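*Asks:* Below is protein-v1.cif; it holds mmCIF, C-alpha atoms.
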```cif
data_input
loop_
_atom_site.label_atom_id
_atom_site.label_comp_id
_atom_site.auth_asym_id
_atom_site.auth_seq_id
_atom_site.Cartn_x
_atom_site.Cartn_y
_atom_site.Cartn_z
CA MET U 5 0.00 0.00 0.00
CA SER U 6 1.34 3.41 -0.94
CA ASP U 7 2.18 6.18 1.50
CA GLN U 8 -0.77 8.18 0.16
CA ALA U 9 -3.17 5.60 1.57
CA TYR U 10 -1.96 6.24 5.08
CA ARG U 11 -2.44 10.01 4.86
CA THR U 12 -5.46 11.53 6.50
CA PRO U 13 -7.20 13.79 3.96
CA GLY U 14 -6.67 17.46 4.75
CA THR U 15 -3.94 16.66 7.27
CA ARG U 16 -0.94 15.71 5.15
CA GLY U 17 -0.29 17.07 1.68
CA GLY U 18 1.11 15.39 -1.35
CA ASP U 19 3.54 16.60 -4.00
CA GLY U 20 1.13 19.29 -5.19
CA PHE U 21 0.95 20.55 -1.65
CA ALA U 22 4.74 20.81 -1.46
CA GLY U 23 4.86 22.75 -4.70
CA ARG U 24 2.26 25.25 -3.50
CA VAL U 25 4.06 25.79 -0.22
CA ALA U 26 7.37 26.27 -2.06
CA VAL U 27 5.75 28.96 -4.22
CA LEU U 28 4.32 30.58 -1.08
CA ILE U 29 7.77 30.64 0.52
CA ALA U 30 9.23 32.29 -2.58
CA ILE U 31 6.51 34.95 -2.55
CA LEU U 32 6.97 35.64 1.16
CA ALA U 33 10.74 35.85 0.73
CA THR U 34 10.32 38.36 -2.09
CA LEU U 35 7.93 40.49 -0.04
CA GLY U 36 10.18 40.33 3.01
CA THR U 37 13.16 41.47 0.95
CA MET U 38 11.16 44.35 -0.50
CA PHE U 39 9.94 45.44 2.92
CA GLY U 40 13.46 45.29 4.31
CA PHE U 41 14.85 47.35 1.43
CA ILE U 42 12.16 50.03 1.75
CA GLY U 43 12.68 50.07 5.52
CA SER U 44 16.41 50.62 5.05
CA ALA U 45 15.68 53.49 2.65
CA SER U 46 13.37 55.06 5.24
CA HIS U 47 16.08 54.73 7.88
CA ASN U 48 18.62 56.39 5.58
CA ASN U 49 16.17 59.22 4.90
CA ALA U 50 15.62 59.67 8.62
CA ALA U 51 19.37 59.94 9.19
CA LEU U 52 19.71 62.44 6.32
CA TYR U 53 16.86 64.60 7.65
CA LYS U 54 18.33 64.51 11.15
CA SER U 55 21.67 65.64 9.73
CA ASN U 56 20.00 68.53 7.92
CA ALA U 57 18.22 69.47 11.15
CA ALA U 58 21.55 69.55 13.00
CA ILE U 59 23.11 71.72 10.29
CA ASP U 60 20.26 74.23 10.43
CA LYS U 61 20.35 74.18 14.23
CA THR U 62 24.05 75.05 14.15
CA SER U 63 23.36 77.83 11.64
CA ALA U 64 20.65 79.17 13.94
CA ALA U 65 23.04 79.13 16.90
CA ASN U 66 25.66 80.99 14.88
CA ALA U 67 23.07 83.54 13.80
CA TRP U 68 21.96 84.11 17.40
CA SER U 69 25.61 84.58 18.41
CA HIS U 70 25.96 87.17 15.65
CA TYR U 71 22.75 88.78 16.89
CA GLN U 72 24.16 88.98 20.41
CA ALA U 73 27.37 90.56 19.11
CA LYS U 74 25.35 93.22 17.28
CA THR U 75 23.37 93.83 20.47
CA ASN U 76 26.55 94.39 22.43
CA ARG U 77 27.83 96.88 19.82
CA GLN U 78 24.49 98.65 19.83
CA ASN U 79 24.66 98.95 23.63
CA LEU U 80 28.17 100.34 23.42
CA ALA U 81 27.05 102.87 20.82
CA GLU U 82 24.18 103.86 23.11
CA VAL U 83 26.57 104.40 26.00
CA ALA U 84 28.96 106.37 23.78
CA ALA U 85 26.12 108.59 22.55
CA ALA U 86 25.46 109.64 26.14
CA ILE U 87 29.04 110.78 26.74
CA PRO U 88 29.39 114.57 26.58
CA GLY U 89 31.66 116.00 23.92
CA VAL U 90 31.41 113.12 21.44
CA ASP U 91 29.76 113.06 18.06
CA GLN U 92 26.40 111.90 19.31
CA SER U 93 24.79 111.88 15.85
CA HIS U 94 27.40 109.36 14.68
CA PHE U 95 26.70 106.96 17.53
CA ARG U 96 22.93 107.38 17.11
CA GLU U 97 23.38 106.41 13.48
CA GLU U 98 25.43 103.43 14.62
CA MET U 99 22.64 102.45 17.00
CA ARG U 100 20.09 102.64 14.18
CA ARG U 101 22.30 100.63 11.83
CA TYR U 102 22.89 97.91 14.42
CA GLY U 103 19.16 97.76 15.06
CA ILE U 104 18.44 97.15 11.37
CA GLU U 105 21.18 94.52 11.14
CA LYS U 106 19.92 92.81 14.29
CA ASP U 107 16.42 92.55 12.85
CA ALA U 108 17.73 90.87 9.69
CA ILE U 109 19.91 88.49 11.72
CA ARG U 110 16.99 87.63 14.02
CA LYS U 111 14.79 86.72 11.07
CA GLU U 112 17.56 84.56 9.65
CA ALA U 113 18.03 82.76 12.99
CA GLU U 114 14.29 82.14 13.30
CA ARG U 115 14.20 80.81 9.74
CA PHE U 116 17.00 78.35 10.51
CA GLU U 117 15.23 77.24 13.70
CA ALA U 118 11.96 76.68 11.83
CA SER U 119 13.80 74.72 9.14
CA SER U 120 15.52 72.61 11.79
CA ASN U 121 12.18 71.78 13.39
CA GLU U 122 10.76 70.78 10.01
CA TRP U 123 13.70 68.48 9.30
CA ASN U 124 13.32 66.91 12.75
CA ALA U 125 9.63 66.28 12.13
CA LEU U 126 10.42 64.64 8.78
CA SER U 127 13.12 62.53 10.42
CA ASP U 128 10.74 61.31 13.14
CA LYS U 129 8.15 60.46 10.50
CA GLU U 130 10.63 58.48 8.40
CA LEU U 131 11.95 56.70 11.49
CA HIS U 132 8.41 55.64 12.38
CA ARG U 133 7.90 54.35 8.84
CA HIS U 134 11.20 52.46 9.15
CA ARG U 135 9.90 50.70 12.26
CA GLN U 136 6.70 49.77 10.41
CA TRP U 137 8.57 48.37 7.41
CA ALA U 138 10.94 46.52 9.74
CA ALA U 139 8.00 44.96 11.62
CA ALA U 140 6.43 43.96 8.30
CA ALA U 141 9.69 42.34 7.17
CA VAL U 142 10.02 40.44 10.46
CA ALA U 143 6.45 39.17 10.10
CA GLN U 144 7.26 37.85 6.62
CA GLN U 145 10.37 36.13 7.95
CA ILE U 146 8.29 34.43 10.65
CA ALA U 147 5.75 33.41 8.01
CA ILE U 148 8.56 31.93 5.92
CA SER U 149 9.75 29.88 8.90
CA LEU U 150 6.22 28.62 9.52
CA ALA U 151 5.83 27.75 5.84
CA ALA U 152 9.12 25.84 5.94
CA VAL U 153 7.91 23.85 8.94
CA THR U 154 4.66 23.23 7.07
CA LEU U 155 6.60 21.93 4.08
CA LEU U 156 8.77 19.64 6.21
CA SER U 157 5.98 18.30 8.41
CA ARG U 158 3.34 18.34 5.64
CA ARG U 159 0.76 19.52 8.17
CA THR U 160 -1.68 21.62 6.21
CA TRP U 161 -3.19 23.20 9.32
CA LEU U 162 0.06 25.13 9.77
CA LEU U 163 -0.84 27.07 6.63
CA THR U 164 -3.56 28.78 8.66
CA LEU U 165 -0.98 30.21 11.05
CA THR U 166 1.34 31.05 8.16
CA SER U 167 -1.41 32.98 6.39
CA ALA U 168 -2.30 34.88 9.56
CA VAL U 169 1.28 36.05 10.17
CA ALA U 170 1.82 36.92 6.50
CA ALA U 171 -1.41 38.96 6.40
CA PHE U 172 -0.37 40.74 9.60
CA GLY U 173 2.91 41.79 7.97
CA LEU U 174 1.22 42.79 4.71
CA THR U 175 -1.18 45.05 6.60
CA LEU U 176 1.69 46.72 8.44
CA ALA U 177 3.39 47.29 5.10
CA PHE U 178 0.18 48.77 3.69
CA PHE U 179 -0.08 51.21 6.60
CA ALA U 180 3.57 52.17 6.12
CA ALA U 181 3.03 52.72 2.39
CA ILE U 182 0.08 55.08 2.94
CA GLN U 183 1.96 56.75 5.82
CA ALA U 184 -0.71 55.88 8.36
CA ASP U 185 0.12 55.76 12.04
CA PRO U 186 -1.16 52.49 13.55
CA MET U 187 0.34 50.67 16.48
CA PRO U 188 1.83 47.29 15.52
CA PHE U 189 -0.99 45.46 17.31
CA SER U 190 -3.85 47.77 16.43
CA ALA U 191 -7.17 46.49 15.11
CA GLY U 192 -6.23 46.66 11.41
CA PRO U 193 -3.32 44.18 11.30
CA LEU U 194 -5.01 41.86 13.79
CA LEU U 195 -8.27 41.80 11.84
CA ALA U 196 -6.32 41.08 8.66
CA ALA U 197 -4.53 38.20 10.40
CA PHE U 198 -7.76 36.69 11.72
CA GLY U 199 -9.43 37.13 8.33
CA ALA U 200 -6.59 35.41 6.49
CA ALA U 201 -6.57 32.59 9.04
CA ALA U 202 -10.33 32.09 8.70
CA LEU U 203 -10.16 32.12 4.91
CA THR U 204 -7.27 29.66 4.80
CA GLU U 205 -9.00 27.36 7.26
CA ALA U 206 -12.18 27.48 5.17
CA PHE U 207 -10.28 26.53 2.00
CA ARG U 208 -8.49 23.77 3.86
CA ARG U 209 -11.74 22.24 5.09
CA VAL U 210 -13.36 22.54 1.68
CA GLY U 211 -10.39 20.78 0.14
CA ARG U 212 -10.57 18.03 2.73
CA ARG U 213 -14.25 17.47 2.00
CA ILE U 214 -13.60 17.30 -1.73
CA VAL U 215 -10.93 14.67 -1.16
CA ASN U 216 -13.28 12.69 1.06
#
```
Starting from the file, lay out its structure as structure tokens.

*Replies:*
Amino acid sequence: MSDQAYRTPGTRGGDGFAGRVAVLIAILATLGTMFGFIGSASHNNAALYKSNAAIDKTSAANAWSHYQAKTNRQNLAEVAAAIPGVDQSHFREEMRRYGIEKDAIRKEAERFEASSNEWNALSDKELHRHRQWAAAAVAQQIAISLAAVTLLSRRTWLLTLTSAVAAFGLTLAFFAAIQADPMPFSAGPLLAAFGAAALTEAFRRVGRRIVN
């Protein structure tokens, strides 16, 4: 009697089952690689934006130092203008000139500070997306491991768990792609996992009944 006769329908798969699982593993590996690559790109963007924020922050600090130096000169000109016997009109003109220069420097410093804050916000956003893509890639790697165990053990019920984990990762990737802000275990990914598990289990039972 062949080995197939000893297999319980719907419990152990044959050669066709192995081929389908192998294709599933290849698809999951491709998706996991894509998610990892996009996640790395997001991490690099976050680092670049953080660097730009630091540069603008330094420029703002330099501008404020220049502003303070102009303030000190303006104060000295104000003191000099109050000294009897000096050319007071000259020092009043100096005071006015320093005031105009200070205003321009202040605006420049504020512009650099605003730019630095914008770069920081972009960096935080990209870093969050990196974590989402990384979580999606990890989920695909776990699904690949489960699929490999399924292939080795030929237990079709393990496909249900594989589908659930893969759907969880795909949903995280979808949220990352649309730049949504879900928690890793929010309702969306969990519902997708339960839905995929239910659908896979339904197909498995239908297939078992057809075999019977």

*Asks:* Can you translate the PyMOL selection byres ((chain U and resi 135-150) around 8) into the concrete residues it hits in this file, as a PyMOL selection string?

*Replies:* chain U and resi 29+32-33+35-37+39-40+42-43+131-134+151-154+162-163+165-167+169-170+172-177+179-180+188

*Asks:* Can you translate the PyMOL selection byres ((chain U and resi 24) around 12) into the concrete residues it hits in this file, as number ranges by chain?

*Replies:* U: 17-23, 25-31, 151-152, 154-155, 158, 160, 163

*Asks:* Could you dump the residues just selected with C-alpha atoms as a PDB file, in the coordinates of the input?

*Replies:*
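File written: selection13.pdb
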```pdb
ATOM      1  CA  GLY U  17      -0.290  17.070   1.680  1.00  0.00           C
ATOM      2  CA  GLY U  18       1.110  15.390  -1.350  1.00  0.00           C
ATOM      3  CA  ASP U  19       3.540  16.600  -4.000  1.00  0.00           C
ATOM      4  CA  GLY U  20       1.130  19.290  -5.190  1.00  0.00           C
ATOM      5  CA  PHE U  21       0.950  20.550  -1.650  1.00  0.00           C
ATOM      6  CA  ALA U  22       4.740  20.810  -1.460  1.00  0.00           C
ATOM      7  CA  GLY U  23       4.860  22.750  -4.700  1.00  0.00           C
ATOM      8  CA  VAL U  25       4.060  25.790  -0.220  1.00  0.00           C
ATOM      9  CA  ALA U  26       7.370  26.270  -2.060  1.00  0.00           C
ATOM     10  CA  VAL U  27       5.750  28.960  -4.220  1.00  0.00           C
ATOM     11  CA  LEU U  28       4.320  30.580  -1.080  1.00  0.00           C
ATOM     12  CA  ILE U  29       7.770  30.640   0.520  1.00  0.00           C
ATOM     13  CA  ALA U  30       9.230  32.290  -2.580  1.00  0.00           C
ATOM     14  CA  ILE U  31       6.510  34.950  -2.550  1.00  0.00           C
ATOM     15  CA  ALA U 151       5.830  27.750   5.840  1.00  0.00           C
ATOM     16  CA  ALA U 152       9.120  25.840   5.940  1.00  0.00           C
ATOM     17  CA  THR U 154       4.660  23.230   7.070  1.00  0.00           C
ATOM     18  CA  LEU U 155       6.600  21.930   4.080  1.00  0.00           C
ATOM     19  CA  ARG U 158       3.340  18.340   5.640  1.00  0.00           C
ATOM     20  CA  THR U 160      -1.680  21.620   6.210  1.00  0.00           C
ATOM     21  CA  LEU U 163      -0.840  27.070   6.630  1.00  0.00           C
TER      22      LEU U 163
END
```

*Asks:* Just say which residues the PyMOL selection byres ((chain U and resi 48-52) around 7) picks in this file, as a PDB file with C-alpha atoms, in the frame of the given file.

*Replies:*
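The resulting file, expr_20.pdb, is reproduced below:
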```pdb
ATOM      1  CA  SER U  44      16.410  50.620   5.050  1.00  0.00           C
ATOM      2  CA  ALA U  45      15.680  53.490   2.650  1.00  0.00           C
ATOM      3  CA  SER U  46      13.370  55.060   5.240  1.00  0.00           C
ATOM      4  CA  HIS U  47      16.080  54.730   7.880  1.00  0.00           C
ATOM      5  CA  TYR U  53      16.860  64.600   7.650  1.00  0.00           C
ATOM      6  CA  LYS U  54      18.330  64.510  11.150  1.00  0.00           C
ATOM      7  CA  SER U  55      21.670  65.640   9.730  1.00  0.00           C
ATOM      8  CA  ASN U  56      20.000  68.530   7.920  1.00  0.00           C
ATOM      9  CA  SER U 127      13.120  62.530  10.420  1.00  0.00           C
ATOM     10  CA  ASP U 128      10.740  61.310  13.140  1.00  0.00           C
ATOM     11  CA  GLU U 130      10.630  58.480   8.400  1.00  0.00           C
ATOM     12  CA  LEU U 131      11.950  56.700  11.490  1.00  0.00           C
TER      13      LEU U 131
END
```

*Asks:* Can you measure CA of His70 in chain U to CA of Arg100 in chain U for me? One decimal in Å is fine.

*Replies:* 16.6 Å

*Asks:* So, counting only C-alpha atoms, which residue among U:Ile104, U:Met38, U:Ala86, U:Ile109 is closest to Trp68 in chain U?

*Replies:* U:Ile109
